[in-house]
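Printed here is input-v2.csv (CSV, C-alpha atoms):
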```csv
chain,number,residue,atom,x,y,z
A,287,MET,CA,47.9,142.6,141.7
A,288,LYS,CA,48.7,139.9,144.2
A,289,ILE,CA,46.9,136.6,143.6
A,290,VAL,CA,45.6,134.6,146.6
A,291,LEU,CA,44.4,131.0,146.0
A,292,GLY,CA,41.7,130.2,148.5
A,293,SER,CA,42.3,126.4,148.3
A,294,LYS,CA,44.5,123.8,149.7
A,295,SER,CA,44.0,121.5,146.7
A,296,PRO,CA,47.3,120.3,145.3
A,297,ARG,CA,45.6,120.2,141.8
A,298,ARG,CA,44.5,123.8,141.9
A,299,LYS,CA,48.0,124.9,143.1
A,300,GLU,CA,49.5,122.9,140.2
A,301,ILE,CA,47.2,124.4,137.6
A,302,LEU,CA,47.8,128.0,138.8
A,303,THR,CA,51.5,127.3,138.8
A,304,LEU,CA,51.3,125.9,135.3
A,305,MET,CA,49.6,129.1,134.2
A,306,GLY,CA,52.7,130.9,135.3
A,307,TYR,CA,51.3,132.9,138.3
A,308,ASP,CA,52.9,133.5,141.6
A,309,PHE,CA,50.4,133.2,144.4
A,310,GLU,CA,49.8,132.8,148.1
A,311,VAL,CA,47.5,130.2,149.5
A,312,ARG,CA,45.0,131.3,152.1
A,313,VAL,CA,42.2,129.0,153.2
A,314,SER,CA,39.2,129.3,155.4
A,315,SER,CA,37.9,126.6,157.8
A,316,SER,CA,34.3,127.7,157.6
A,317,ASP,CA,31.6,125.0,157.0
A,318,GLU,CA,29.9,124.8,153.6
A,319,ILE,CA,26.2,125.3,153.7
A,320,ILE,CA,24.1,123.6,151.0
A,321,THR,CA,20.8,125.3,150.4
A,322,SER,CA,19.8,123.8,147.0
A,323,SER,CA,19.4,120.4,145.4
A,324,ASP,CA,20.4,121.8,142.0
A,325,PRO,CA,24.0,120.6,141.3
A,326,GLN,CA,24.9,123.8,139.5
A,327,GLU,CA,23.6,126.0,142.3
A,328,VAL,CA,25.3,123.9,144.9
A,329,VAL,CA,28.8,124.1,143.4
A,330,LYS,CA,28.4,127.9,142.7
A,331,SER,CA,27.2,128.5,146.2
A,332,ILE,CA,30.1,126.6,147.7
A,333,ALA,CA,32.7,128.5,145.7
A,334,SER,CA,31.1,131.7,146.7
A,335,GLN,CA,31.0,130.7,150.4
A,336,LYS,CA,34.7,129.9,150.3
A,337,ALA,CA,35.5,133.4,148.8
A,338,SER,CA,33.2,135.1,151.4
A,339,ALA,CA,35.0,133.4,154.2
A,340,ILE,CA,38.5,134.7,153.2
A,341,ASN,CA,39.6,138.3,153.9
A,342,ILE,CA,41.6,140.1,151.3
A,343,ASN,CA,43.3,143.5,151.2
A,344,ASP,CA,43.5,146.2,148.5
A,345,GLY,CA,45.6,145.0,145.6
A,346,GLU,CA,44.8,141.3,146.2
A,347,LEU,CA,42.8,139.0,143.9
A,348,LEU,CA,41.3,135.9,145.5
A,349,ILE,CA,40.5,132.8,143.5
A,350,CYS,CA,38.2,130.1,145.1
A,351,ALA,CA,36.7,127.1,143.4
A,352,ASP,CA,34.6,124.0,144.0
A,353,THR,CA,34.2,120.9,141.9
A,354,ILE,CA,31.5,118.2,142.0
A,355,VAL,CA,30.7,115.1,140.0
A,356,VAL,CA,27.0,114.6,139.0
A,357,LEU,CA,25.5,111.3,137.9
A,358,ASN,CA,21.8,111.3,137.1
A,359,ASN,CA,21.3,114.5,139.1
A,360,MET,CA,23.0,112.9,142.1
A,361,ILE,CA,26.0,114.9,143.5
A,362,LEU,CA,29.1,112.9,144.3
A,363,GLY,CA,31.4,114.8,146.5
A,364,LYS,CA,34.6,113.5,148.1
A,365,PRO,CA,34.3,109.9,149.5
A,366,LYS,CA,34.2,109.8,153.3
A,367,ASP,CA,35.7,106.3,153.5
A,368,LYS,CA,36.5,103.1,151.5
A,369,ASP,CA,32.8,102.0,151.4
A,370,ASP,CA,31.8,105.5,150.0
A,371,ALA,CA,34.6,105.3,147.4
A,372,ARG,CA,33.5,101.9,146.3
A,373,LYS,CA,29.9,103.1,145.9
A,374,MET,CA,31.0,106.1,143.9
A,375,ILE,CA,33.3,104.2,141.6
A,376,SER,CA,30.7,101.5,141.1
A,377,LEU,CA,28.1,104.1,140.1
A,378,ILE,CA,30.3,106.0,137.6
A,379,GLN,CA,32.1,103.0,136.0
A,380,GLY,CA,30.6,102.2,132.6
A,381,ALA,CA,28.7,105.5,132.5
A,382,LYS,CA,28.9,109.2,131.5
A,383,HIS,CA,28.8,111.8,134.2
A,384,ILE,CA,29.1,115.6,134.4
A,385,VAL,CA,31.9,117.5,136.3
A,386,TYR,CA,31.0,121.0,137.3
A,387,THR,CA,33.7,123.4,138.6
A,388,ALA,CA,32.6,126.8,139.8
A,389,VAL,CA,35.0,129.6,140.3
A,390,CYS,CA,34.6,132.8,142.4
A,391,ILE,CA,37.2,135.6,141.8
A,392,LYS,CA,37.1,138.5,144.2
A,393,THR,CA,38.9,141.8,144.8
A,394,THR,CA,37.9,144.3,147.4
A,395,THR,CA,35.7,146.0,144.8
A,396,LYS,CA,34.5,143.3,142.4
A,397,ILE,CA,33.3,139.7,142.3
A,398,VAL,CA,33.3,137.6,139.1
A,399,GLU,CA,31.8,134.1,139.2
A,400,PHE,CA,31.6,131.4,136.5
A,401,LEU,CA,30.7,127.8,136.1
A,402,ASP,CA,32.3,125.3,133.7
A,403,GLU,CA,31.3,121.8,132.9
A,404,ALA,CA,32.8,118.7,131.3
A,405,ILE,CA,31.4,115.3,130.5
A,406,VAL,CA,33.4,112.3,131.4
A,407,GLU,CA,32.8,108.7,130.3
A,408,ILE,CA,34.4,105.8,132.3
A,409,TYR,CA,35.1,102.4,130.9
A,410,PRO,CA,33.3,99.5,132.6
A,411,MET,CA,35.4,98.2,135.6
A,412,SER,CA,35.5,94.8,137.3
A,413,ASP,CA,35.0,94.5,141.0
A,414,LYS,CA,38.7,93.7,141.3
A,415,GLU,CA,39.7,96.8,139.5
A,416,ILE,CA,37.4,98.9,141.8
A,417,GLU,CA,38.9,97.2,144.9
A,418,ASP,CA,42.4,97.7,143.7
A,419,TYR,CA,41.7,101.4,143.0
A,420,ILE,CA,40.0,102.2,146.3
A,421,ASN,CA,42.9,100.6,148.1
A,422,THR,CA,45.2,103.4,146.8
A,423,PRO,CA,45.2,106.9,148.5
A,424,GLU,CA,44.0,108.5,145.3
A,425,PRO,CA,40.1,108.5,145.7
A,426,TYR,CA,39.8,110.2,149.0
A,427,ASP,CA,40.3,113.9,148.4
A,428,LYS,CA,38.6,114.2,145.1
A,429,ALA,CA,35.1,114.8,143.9
A,430,GLY,CA,33.6,111.6,142.6
A,431,GLY,CA,36.5,109.6,144.0
A,432,TYR,CA,38.9,109.9,141.1
A,433,ALA,CA,41.6,112.0,139.5
A,434,ILE,CA,41.6,112.3,135.7
A,435,GLN,CA,45.4,112.9,135.8
A,436,GLY,CA,46.1,110.1,138.3
A,437,ILE,CA,46.2,106.3,138.2
A,438,PHE,CA,42.4,106.4,137.4
A,439,SER,CA,43.2,107.9,134.0
A,440,LYS,CA,43.4,104.4,132.4
A,441,TYR,CA,39.6,104.1,133.1
A,442,ILE,CA,38.7,107.3,131.3
A,443,LYS,CA,37.1,106.4,128.0
A,444,GLU,CA,36.7,110.0,126.8
A,445,TYR,CA,35.8,113.5,128.0
A,446,GLN,CA,34.3,116.6,126.4
A,447,GLY,CA,35.3,120.0,127.8
A,448,ASP,CA,38.3,121.5,129.5
A,449,TYR,CA,40.6,118.8,131.0
A,450,TYR,CA,41.5,121.3,133.8
A,451,THR,CA,37.8,121.7,134.7
A,452,ILE,CA,37.8,118.0,135.6
A,453,MET,CA,41.0,118.5,137.6
A,454,GLY,CA,39.4,121.3,139.6
A,455,LEU,CA,40.2,124.7,138.0
A,456,PRO,CA,39.0,125.7,134.5
A,457,LYS,CA,42.4,127.0,133.1
A,458,ASN,CA,41.1,128.4,129.8
A,459,LYS,CA,38.2,130.5,131.2
A,460,LEU,CA,40.3,131.5,134.3
A,461,GLU,CA,43.1,132.7,132.1
A,462,THR,CA,40.8,134.9,130.0
A,463,ILE,CA,39.5,136.6,133.1
A,464,LEU,CA,42.9,137.0,134.8
A,465,LYS,CA,44.4,138.6,131.7
A,466,GLY,CA,41.7,141.3,131.9
A,467,ALA,CA,42.2,141.7,135.7
A,468,ILE,CA,46.0,141.7,136.0
A,469,LYS,CA,47.6,144.4,133.8
```

Please express the file's structure as structure tokens.
Amino acid sequence: MKIVLGSKSPRRKEILTLMGYDFEVRVSSSDEIITSSDPQEVVKSIASQKASAININDGELLICADTIVVLNNMILGKPKDKDDARKMISLIQGAKHIVYTAVCIKTTTKIVEFLDEAIVEIYPMSDKEIEDYINTPEPYDKAGGYAIQGIFSKYIKEYQGDYYTIMGLPKNKLETILKGAIK
């Protein structure tokens, strides 16, 4: 079975490579339509929409995912600009938040979807630390404006759950499903 990753995310590519799979990247340019205010439903819907927008052939298995950060039921996506990044980091610093990653796996005959979550606590940060961080390129293509594996890692107090869920692709759950699908 040929694996197709429906994502341009460098982190998802890195995780799938780490898992030892050869894959092709194929992305869609379709717009994401949000029809719910429930964070879990939003992230699942977006992963599913990504998968629906990519055509696959017999013998191909498509993996699409979406990740969001949720603080007090407020969804934090990718920051649009420096002001947005400042706001997000100011909100999550000194607090716990939830990271949801939804995955949609599709073949021409079957669809498997799952949701994984992790809880992340951030150390309190000074205004200068926030400014220094948002002046790096790191926050701007990541949900919540941070990368657990990047320079922001020094501000991670603790996390519960799969580290790779926070990075954007739940490695352990995905591996279990792929082992059953690729024989």

Distance criterion (only C-alpha atoms): nearest to Ile416 (chain A) out of A:Lys443, A:Lys368, A:Lys382, A:Lys288: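 Among the listed residues, the smallest separation from Ile416 (chain A) belongs to A:Lys368.
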
Surrounding residues of Asp448 (chain A) excluding itself and chain neighbours under 6 positions, 8 Å, all atoms listed in the file, as a PyMOL selection string: chain A and resi 403-404+456-458

So that each row is one residue of region 360-456 of chain A with an atom at most 6 Å from region 322-333 of chain A, can you give its shortest atom pair and the distance in Å to one decimal, using all atoms listed in the file, rows by chain and rising number, as JSON lines?
```
{"residue": "A:Ala388", "atom": "CA", "partner": "A:Lys330", "partner_atom": "CA", "distance": 5.2}
{"residue": "A:Val389", "atom": "CA", "partner": "A:Ala333", "partner_atom": "CA", "distance": 6.0}
{"residue": "A:Cys390", "atom": "CA", "partner": "A:Ala333", "partner_atom": "CA", "distance": 5.7}
```

With a cut-off of 10 Å, could you pull out the residues of region 357-445 of chain A touching region 342-345 of chain A and give me the nearest pair of atoms for each, distance in Å to one decimal, using all atoms listed in the file, ordered by chain and ascending number, as CSV?
```
residue,atom,partner,partner_atom,distance
A:Lys392,CA,A:Ile342,CA,8.6
A:Thr393,CA,A:Ile342,CA,7.2
A:Thr394,CA,A:Asp344,CA,6.0
A:Thr395,CA,A:Asp344,CA,8.6
```

How would the residues just picked look written out with C-alpha atoms as a PDB file, in the frame of the given file?
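Below is the file that was written, selection01.pdb:
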```
ATOM      1  CA  LYS A 392      37.100 138.500 144.200  1.00  0.00           C
ATOM      2  CA  THR A 393      38.900 141.800 144.800  1.00  0.00           C
ATOM      3  CA  THR A 394      37.900 144.300 147.400  1.00  0.00           C
ATOM      4  CA  THR A 395      35.700 146.000 144.800  1.00  0.00           C
TER       5      THR A 395
END
```

All residues 10 Å or closer to Asp367 (chain A), only C-alpha atoms, same chain fewer than 2 positions away omitted, as a list in words: Lys364, Pro365, Asp369, Asp370, Ala371, Arg372, Ile420, Pro425 and Tyr426 of chain A

Nearest candidate to Gly363 (chain A) (options A:Ile397, A:Ile437, A:Ile378, A:Ala429; using only C-alpha atoms):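 Closest residue, counting only C-alpha atoms: A:Ala429.
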
Among the residues A:Asn358, A:Gln335, A:Ile289, A:Pro423, the one that comes closest to Gly306 (chain A) [using only C-alpha atoms]: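 Comparing A:Asn358, A:Gln335, A:Ile289, A:Pro423 against Gly306 (chain A), the winner is A:Ile289.
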
Which of A:Asp402, A:Glu407, A:Asp308, A:Glu318 sits closest to Tyr441 (chain A) [using only C-alpha atoms]: A:Glu407

Selection near Ile452 (chain A), 10 Å with only C-alpha atoms, sequence-local residues under 4 positions removed, as a ChimeraX atom specification: /A:353-355,384-387,402-406,429,432-435,445-448,456

Distance of CA of Ser315 (chain A) from CA of Lys396 (chain A), expressed in Å to one decimal place: 23.0 Å

For CA of Glu300 (chain A) and CA of Glu444 (chain A), the interatomic separation in Å (one decimal): 22.6 Å

Among listed residues A:Leu460, A:Ile375, A:Leu291, A:Ile301, nearest Ser314 (chain A) (using all atoms listed in the file):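 The answer is A:Leu291, which sits nearest to Ser314 (chain A).
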
Counting all atoms listed in the file, the residue of A:Met360, A:Leu347, A:Ile408, A:Ala339 that sits nearest Leu464 (chain A): A:Leu347

Straight-line distance linking CA of Lys459 (chain A) with CA of Leu304 (chain A), stated in Å to one decimal: 14.5 Å
